[in-house]
Amino acid sequence: MSGATAKFSSSYHLAAALRREPDPAAALRLFLSPTPTAAAGPSSSPAPPFRYSLRCYDIIVCKLAAARLFPAMESVLARLPSSLRPREPLLCRVISAYGRARLPAAARRAFAHPAFPAPRTARALNTLLHALLACRAPLPELLSECRGSGIHPDACTYNILMRAAVADSGSVDNACLLFDEMLQRGIAPTVVTFGTLVTAFCEAGRLEEAFKVKEVMSLQYNIRPNAHVYASLMKALCEKGKVDDAHRLKEEMVSNSEPLVDSGAYATLARALFRLGKKGDVVSLLEEMKEKGIKVGREVHNSMIAGFCEDEGDLDAAFVALGDMQKGGCKPDSVSYNTLVGGLCKMGRWRDASELVEDMPRRGCRPDVVTYRRLFDGICDAGGFSEARRVFNEMVFKGFAPSKDGVRKFVGWIEREGDAASLESVLCQLASVNALESSEWEKAMSGVLHDPAEQKIVKLLDNLRLA
DNA sequence: CTAGGGTTAG
C-alpha cells in the first residue's frame, strides 16, 4: 500500500518537476533519470523506476515539441508502454508542432503513429490538414488526405480546405466551390466559414463581394458578423486608403455586437492612422477603447510599436510603447520584439538589436524565425559579418533557416574572404535547415564556385541533395 | 491545444 503511494507520489512529483522546468533539455534529463539524489530516501534500495503516468509523457512530449527537439520527442513517444494510450490532444499537439516546423512528412507520420488509439477523428484529421496547409501543401494533397482517411469532414475541415484553396490558387473561386460542396453535403457553414470567405475576397481586393458575404451571412444564415469579419473588412478599407470608411465600420462593429471585448480591429485602424501621420487620432482611439471598456490588446500595442519604428522612425518612443504595454498588463511577444529588432537594424543599430535578442529569453520571450531573420539580415546589410557568423550559427543550431537575401550577402562575404572551409561548413549548416534547395539560392551560389574547392563543394551539394 | 482576423517577415 505504502509502496503504491510512493509510486504514485513519485510520478506525481516528476510531473510537477517536469512542468516547472523551463529548459526542455533539462526536463528531458529529468525524465530520463528521475531519481538522482533527493528522491532516494534513506531506506530505499536502488529503487526500480516507478511507473510513469500518462501525465509525465504528456508534459515532456509537449515541451520537446514546443522546443522543436523532434528526435528526442520521437524517442519518448517510442518509449511509451503499450498500456498507456495517450489521448488525441497530445497527438494534435505533435502534428501541429511538425506543421509549425514545416515538416509535412513528419506530420503525416505522426498522424499515423501507432501509440495513439484508433480510429482517428475529424479533429485529428483537421489538425493534420492544418499542418499541411502551414507547410504550403497544395490543395489536391489535402483533398486526397481527406479521401484517404475515410473520416467524415465537418465544417472545420471545409474551412481549412477553403483556406488552402485560396493559398494554393490565389483565387477565391475554388473556395466558393468548396463552400457550395459543403452545402450540398449538408454541412452547415459557421461564422468561421463566412469569415474565411470575407478574408479571401478582401485579400483579392474584391471588397464588394466581401461586403456581400457579410450581408448574406446575417440576412440568409442569421449569423452575425464578428470581430474577425470586421477586422478583415477594415484592414482592406485601410489598404485602399479609405480610413474614414474603416472608422465608420468600426462604429458599426461596436454598436452591433455585444461580446466585443476584442481589440484586434482597432490595431488596423491605429496602424493606418500612424501611416497617415495622425498620431493624435491614435490617442483618441485609445481613449475611446478605455471609455468603452475594451482592453487595449497585444495587437494594438504592437501596431503602435510598429508605427513608431516604421512610420515615425522614433525608436525611443517605440521602447516607451513597449514599457506602456507591460504597464498595461500586456506581455510583449515576439512580434513586439521583432518589430523593435527590425527598427534598430534599420537605423544601423544592429549591436543594440543583437543585445535585445540576447535579452529576450530573460524577458520571457523566445526568439523565433522572424527574430533571427531580421537580425541576421540587418547585420549582413551593415556588413558586420563576424557577428553575422555568430547569429547564423545560433539560428541554424535552433533549426531556423535564414532568408535568401541574408544568405546571399553572407555567402558573398565568405567568397570575398576566399575561405573554402568556411563556405563548406556554411553549406552543411544550410542543408541542415533545408535551406539548400531553392533555385534562387543556387543562383547566389553559382558565382562562388570557381576556386580549387569547387569540385569538392559541388560534390558535397550533390550528396546533400540525395539525402 | 481541429478552423477564420488584427500587430512583425516573406
# chains A, B, ... in the order shown; residues from 1 in each chain; ligands from 1
>>> residues_around(residues="region 103-106 of chain A", least_positions_apart="2", cutoff="10 Å", atoms="only C-alpha atoms (C1' of nucleotides)", output="NGL selection string")
:A and (70 or 94-101 or 108-112 or 128-129 or 131-137)
>>> residues_around(residues="Ala17 (chain A)", least_positions_apart="2", cutoff="12 Å", atoms="only C-alpha atoms (C1' of nucleotides)", output="list in words")
Ser9, Ser10, Ser11, Tyr12, His13, Leu14, Ala15, Arg19, Arg20, Glu21, Pro22, Asp23, Pro24, Ala26, Ala27, Leu28, Arg29, Leu30, Phe31, Pro34, Thr35, Ala39, Arg55, Cys56, Ile59 and Ile60 of chain A
>>> select_by_dssp(residues="region 217-322 of chain A", states="alpha helix (DSSP H)", output="PyMOL selection string")
chain A and resi 217-219+227-239+243-256+264-275+279-292+298-306+315-322
>>> residues_around(residues="Arg351 (chain A)", least_positions_apart="3", cutoff="10 Å", atoms="only C-alpha atoms (C1' of nucleotides)", output="JSON, numbers by chain")
{"A": [344, 345, 348, 354, 355, 356, 357, 375, 378, 379, 384, 387]}
>>> atom_distance(atom1="CA of Pro140 (chain A)", atom2="CA of Ser169 (chain A)")
10.9 Å
>>> interface_residues(of="chain A", to="chain B", cutoff="6 Å", atoms="only C-alpha atoms (C1' of nucleotides)", output="list in words")
Arg123, Asn126, Thr127, Cys156, Asn159, Ile160, Val192, Gly195, Thr196, His228, Ala231, Ser232, Gly264, Ala265, Ala267, Glu299, Asn302, Ser303, Val335, Asn338, Thr339 and Val370 of chain A
>>> closest_residue(among="A:Ser263, A:Thr190, A:Ser334, A:Ser53", to="Ser218 (chain A)", atoms="only C-alpha atoms")
A:Thr190
>>> closest_residue(among="A:Arg363, A:Val433, A:Lys409, A:Arg271", to="Ala382 (chain A)", atoms="only C-alpha atoms")
A:Lys409
>>> atom_distance(atom1="CA of Glu310 (chain A)", atom2="CA of Pro361 (chain A)")
24.5 Å
>>> atom_distance(atom1="CA of Val76 (chain A)", atom2="CA of Tyr57 (chain A)")
7.5 Å
>>> decode(residues="chain B", atoms="all heavy atoms", output="compact mmCIF listing (two decimals), in the first residue's frame")
# COMPACT_ATOMS: atom_id res chain seq x y z
P DC B 1 -1.32 25.65 -29.93
OP1 DC B 1 -0.85 25.69 -31.26
OP2 DC B 1 -1.09 26.54 -28.87
O5' DC B 1 -2.82 25.03 -29.78
C5' DC B 1 -3.37 24.29 -30.79
C4' DC B 1 -3.96 23.04 -30.21
O4' DC B 1 -3.31 22.73 -28.98
C3' DC B 1 -5.45 23.16 -29.89
O3' DC B 1 -6.02 21.88 -30.05
C2' DC B 1 -5.43 23.51 -28.41
C1' DC B 1 -4.31 22.61 -27.95
N1 DC B 1 -3.70 22.98 -26.63
C2 DC B 1 -4.45 22.80 -25.46
O2 DC B 1 -5.57 22.33 -25.54
N3 DC B 1 -3.89 23.13 -24.27
C4 DC B 1 -2.66 23.62 -24.23
N4 DC B 1 -2.16 23.94 -23.05
C5 DC B 1 -1.88 23.82 -25.42
C6 DC B 1 -2.44 23.50 -26.59
P DT B 2 -7.50 21.56 -30.32
OP1 DT B 2 -8.51 22.31 -29.58
OP2 DT B 2 -7.39 20.10 -30.22
O5' DT B 2 -7.66 21.90 -31.87
C5' DT B 2 -6.54 21.60 -32.73
C4' DT B 2 -7.07 21.48 -34.14
O4' DT B 2 -8.15 20.55 -34.14
C3' DT B 2 -7.67 22.76 -34.67
O3' DT B 2 -6.65 23.56 -35.22
C2' DT B 2 -8.62 22.21 -35.74
C1' DT B 2 -9.11 20.90 -35.13
N1 DT B 2 -10.44 21.06 -34.49
C2 DT B 2 -11.55 20.59 -35.18
O2 DT B 2 -11.46 20.07 -36.27
N3 DT B 2 -12.72 20.77 -34.52
C4 DT B 2 -12.93 21.35 -33.28
O4 DT B 2 -14.04 21.45 -32.80
C5 DT B 2 -11.73 21.83 -32.63
C7 DT B 2 -11.82 22.46 -31.31
C6 DT B 2 -10.56 21.65 -33.26
P DA B 3 -6.74 25.13 -35.14
OP1 DA B 3 -5.45 25.68 -35.58
OP2 DA B 3 -7.32 25.53 -33.83
O5' DA B 3 -7.83 25.43 -36.25
C5' DA B 3 -7.56 25.07 -37.63
C4' DA B 3 -8.59 25.69 -38.52
O4' DA B 3 -9.89 25.24 -38.10
C3' DA B 3 -8.65 27.20 -38.39
O3' DA B 3 -7.81 27.76 -39.40
C2' DA B 3 -10.12 27.53 -38.63
C1' DA B 3 -10.85 26.23 -38.38
N9 DA B 3 -11.76 26.27 -37.23
C8 DA B 3 -11.44 26.48 -35.92
N7 DA B 3 -12.47 26.46 -35.11
C5 DA B 3 -13.53 26.21 -35.96
C6 DA B 3 -14.92 26.07 -35.74
N6 DA B 3 -15.48 26.16 -34.53
N1 DA B 3 -15.71 25.83 -36.80
C2 DA B 3 -15.14 25.74 -38.01
N3 DA B 3 -13.86 25.86 -38.35
C4 DA B 3 -13.11 26.09 -37.26
P DG B 4 -7.03 29.06 -39.12
OP1 DG B 4 -5.93 29.11 -40.09
OP2 DG B 4 -6.73 29.15 -37.67
O5' DG B 4 -8.09 30.19 -39.46
C5' DG B 4 -8.53 30.33 -40.81
C4' DG B 4 -9.50 31.49 -40.89
O4' DG B 4 -10.63 31.25 -40.05
C3' DG B 4 -8.94 32.81 -40.37
O3' DG B 4 -8.22 33.46 -41.41
C2' DG B 4 -10.22 33.58 -40.04
C1' DG B 4 -11.16 32.48 -39.59
N9 DG B 4 -11.26 32.41 -38.13
C8 DG B 4 -10.35 31.90 -37.25
N7 DG B 4 -10.73 32.00 -36.00
C5 DG B 4 -11.97 32.61 -36.09
C6 DG B 4 -12.87 32.98 -35.07
O6 DG B 4 -12.74 32.84 -33.84
N1 DG B 4 -14.03 33.58 -35.59
C2 DG B 4 -14.26 33.79 -36.92
N2 DG B 4 -15.40 34.37 -37.23
N3 DG B 4 -13.43 33.44 -37.88
C4 DG B 4 -12.31 32.86 -37.40
P DG B 5 -6.92 34.27 -41.06
OP1 DG B 5 -6.30 34.59 -42.35
OP2 DG B 5 -6.13 33.62 -39.99
O5' DG B 5 -7.51 35.59 -40.44
C5' DG B 5 -8.44 36.36 -41.20
C4' DG B 5 -8.67 37.65 -40.45
O4' DG B 5 -9.23 37.35 -39.17
C3' DG B 5 -7.37 38.39 -40.16
O3' DG B 5 -7.24 39.43 -41.11
C2' DG B 5 -7.56 38.98 -38.78
C1' DG B 5 -8.84 38.35 -38.27
N9 DG B 5 -8.64 37.72 -36.97
C8 DG B 5 -8.09 36.49 -36.69
N7 DG B 5 -8.08 36.22 -35.41
C5 DG B 5 -8.65 37.35 -34.82
C6 DG B 5 -8.90 37.65 -33.46
O6 DG B 5 -8.66 36.95 -32.47
N1 DG B 5 -9.49 38.88 -33.32
C2 DG B 5 -9.80 39.74 -34.34
N2 DG B 5 -10.36 40.90 -34.02
N3 DG B 5 -9.58 39.48 -35.62
C4 DG B 5 -9.00 38.27 -35.78
P DG B 6 -5.82 40.13 -41.25
OP1 DG B 6 -5.96 41.04 -42.40
OP2 DG B 6 -4.75 39.12 -41.22
O5' DG B 6 -5.72 40.98 -39.91
C5' DG B 6 -6.36 42.25 -39.83
C4' DG B 6 -6.10 42.83 -38.46
O4' DG B 6 -6.63 41.96 -37.47
C3' DG B 6 -4.62 42.94 -38.09
O3' DG B 6 -4.10 44.16 -38.60
C2' DG B 6 -4.68 42.98 -36.58
C1' DG B 6 -5.89 42.09 -36.27
N9 DG B 6 -5.52 40.75 -35.82
C8 DG B 6 -4.97 39.73 -36.57
N7 DG B 6 -4.75 38.65 -35.88
C5 DG B 6 -5.17 38.98 -34.59
C6 DG B 6 -5.17 38.22 -33.39
O6 DG B 6 -4.77 37.05 -33.24
N1 DG B 6 -5.68 38.93 -32.33
C2 DG B 6 -6.15 40.21 -32.38
N2 DG B 6 -6.59 40.74 -31.26
N3 DG B 6 -6.15 40.95 -33.49
C4 DG B 6 -5.65 40.27 -34.55
P DT B 7 -2.75 44.18 -39.33
OP1 DT B 7 -2.69 45.46 -40.03
OP2 DT B 7 -2.59 42.93 -40.08
O5' DT B 7 -1.69 44.20 -38.15
C5' DT B 7 -1.51 45.39 -37.41
C4' DT B 7 -0.39 45.22 -36.41
O4' DT B 7 -0.79 44.27 -35.41
C3' DT B 7 0.89 44.62 -36.98
O3' DT B 7 1.70 45.63 -37.52
C2' DT B 7 1.53 44.03 -35.72
C1' DT B 7 0.34 43.62 -34.89
N1 DT B 7 0.08 42.16 -34.92
C2 DT B 7 0.45 41.40 -33.83
O2 DT B 7 1.00 41.87 -32.86
N3 DT B 7 0.19 40.07 -33.95
C4 DT B 7 -0.42 39.43 -35.01
O4 DT B 7 -0.60 38.22 -34.98
C5 DT B 7 -0.78 40.28 -36.11
C7 DT B 7 -1.44 39.68 -37.32
C6 DT B 7 -0.52 41.60 -36.01
P DT B 8 2.50 45.37 -38.86
OP1 DT B 8 3.13 46.65 -39.19
OP2 DT B 8 1.61 44.70 -39.84
O5' DT B 8 3.62 44.33 -38.46
C5' DT B 8 4.66 44.75 -37.59
C4' DT B 8 5.82 43.80 -37.70
O4' DT B 8 5.55 42.60 -36.95
C3' DT B 8 6.08 43.29 -39.11
O3' DT B 8 6.97 44.17 -39.76
C2' DT B 8 6.73 41.93 -38.88
C1' DT B 8 6.40 41.59 -37.45
N1 DT B 8 5.70 40.30 -37.35
C2 DT B 8 6.38 39.23 -36.83
O2 DT B 8 7.53 39.29 -36.46
N3 DT B 8 5.67 38.06 -36.78
C4 DT B 8 4.36 37.88 -37.19
O4 DT B 8 3.83 36.79 -37.11
C5 DT B 8 3.71 39.05 -37.73
C7 DT B 8 2.30 38.95 -38.21
C6 DT B 8 4.40 40.19 -37.78
P DA B 9 7.20 44.13 -41.28
OP1 DA B 9 7.96 45.31 -41.70
OP2 DA B 9 5.96 43.78 -41.99
O5' DA B 9 8.20 42.90 -41.27
C5' DA B 9 8.17 42.07 -42.31
C4' DA B 9 9.38 41.21 -42.26
O4' DA B 9 9.09 40.10 -41.39
C3' DA B 9 9.56 40.69 -43.65
O3' DA B 9 10.90 40.61 -43.98
C2' DA B 9 8.88 39.35 -43.64
C1' DA B 9 8.84 38.97 -42.17
N9 DA B 9 7.51 38.49 -41.84
C8 DA B 9 6.32 39.16 -41.77
N7 DA B 9 5.31 38.42 -41.44
C5 DA B 9 5.86 37.17 -41.28
C6 DA B 9 5.32 35.91 -40.92
N6 DA B 9 4.03 35.75 -40.66
N1 DA B 9 6.17 34.86 -40.86
C2 DA B 9 7.47 35.06 -41.12
N3 DA B 9 8.10 36.17 -41.45
C4 DA B 9 7.23 37.20 -41.52
P DG B 10 11.32 41.24 -45.43
OP1 DG B 10 12.75 41.45 -45.32
OP2 DG B 10 10.42 42.38 -45.72
O5' DG B 10 11.08 40.14 -46.52
C5' DG B 10 9.87 39.46 -46.51
C4' DG B 10 10.14 38.01 -46.79
O4' DG B 10 9.20 37.29 -46.01
C3' DG B 10 9.87 37.64 -48.25
O3' DG B 10 10.50 36.42 -48.54
C2' DG B 10 8.36 37.50 -48.23
C1' DG B 10 8.12 36.90 -46.85
N9 DG B 10 6.89 37.39 -46.23
C8 DG B 10 6.36 38.66 -46.29
N7 DG B 10 5.22 38.78 -45.64
C5 DG B 10 5.00 37.50 -45.13
C6 DG B 10 3.93 37.00 -44.36
O6 DG B 10 2.94 37.59 -43.95
N1 DG B 10 4.11 35.64 -44.07
C2 DG B 10 5.17 34.88 -44.47
N2 DG B 10 5.16 33.61 -44.12
N3 DG B 10 6.18 35.34 -45.20
C4 DG B 10 6.02 36.65 -45.49
